[in-house]
Amino acid sequence: MNRDRYLQLIARLLSARVITQTAIGEALDIHPSQVSRICAGDFKRLDGNALRVCKYAQQVAARTQTGREAGRVAGELEGKLTQLLVASPDAALAVGALIDALLATSPADTAAAGA
C-alpha cells in the first residue's frame with residue numbers, strides 16, 4: 001500500500017468515526033499532535049511513526065471489515081435457524097444443543113481432538 005492509499009484509509013476511518021486520532025495516539029504511544037500531522041499527510045517518508053500509524057489504520061480497517069462480515073453471516077444464520085424452527089422444532093432444538101456443545105468446547109479441546 002502506498003502513502004496516498006494509507007492516507008485515504010485513515011481519512012475514511014476517521015470520517016466514519018471508526019477510530020479517533022486520540023485513540024491512535026494512545027494505542028501507539030504517539031503524541032496526539034504528531035498523529036494529527038501524520039493523518040494530515042504531513043510527513044516526508046513512510047517510516048517510523050508515520051508507518052506505524054498507517055499500519056495501525058490498516059489493522060483497524062481489517063478488524064472492522066471482519067466484524068461486518070461476521071454480522072452479515074450471523075444474520076443469515078439467524079434466518080436459516082428461524083426457518084428450521086418453524087419447519088421442524090425438534091431439529092432446531094438439536095441444532096441448539098449442538099451449538100451449546102460447540103460453545104462449551106474450548107479451542108484447546110478442539111485442537112487436541114484434531115491432532
# chains A, B, ... in the order shown; residues from 1 in each chain; ligands from 1
>>> residues_around(residues="segment 22-36 of chain A", least_positions_apart="3", cutoff="9 Å", atoms="only C-alpha atoms", output="ChimeraX atom specification")
/A:19,39-42,49-50,52-53,56-57
>>> atom_distance(atom1="atom CA of Gln65 of chain A", atom2="atom CA of Val18 of chain A")
11.0 Å
>>> select_by_dssp(residues="chain A", states="alpha helix (DSSP H)", output="ChimeraX atom specification")
/A:3-15,21-28,32-39,48-87,89-104,107-114
>>> closest_residue(among="A:Arg72, A:Lys44, A:Leu13, A:Asp90", to="Gln59 of chain A", atoms="only C-alpha atoms")
A:Leu13
>>> atom_distance(atom1="atom CA of Arg12 of chain A", atom2="atom CA of Gly48 of chain A")
22.0 Å
>>> atom_distance(atom1="atom CA of Lys80 of chain A", atom2="atom CA of Thr105 of chain A")
23.4 Å
>>> residues_around(residues="Leu9 of chain A", least_positions_apart="5", cutoff="9 Å", atoms="only C-alpha atoms", output="PDB file with C-alpha atoms, in the first residue's frame")
ATOM      1  CA  ASP A   4      -1.897   8.016  -0.718  1.00  0.00           C
ATOM      2  CA  LEU A  14     -11.744   8.956  10.882  1.00  0.00           C
ATOM      3  CA  CYS A  54      -0.637   3.720   8.661  1.00  0.00           C
ATOM      4  CA  ALA A  57      -5.130   2.050  10.450  1.00  0.00           C
ATOM      5  CA  GLN A  58      -4.879  -0.945   8.137  1.00  0.00           C
ATOM      6  CA  ALA A  61      -9.900  -1.466   8.886  1.00  0.00           C
TER       7      ALA A  61
END
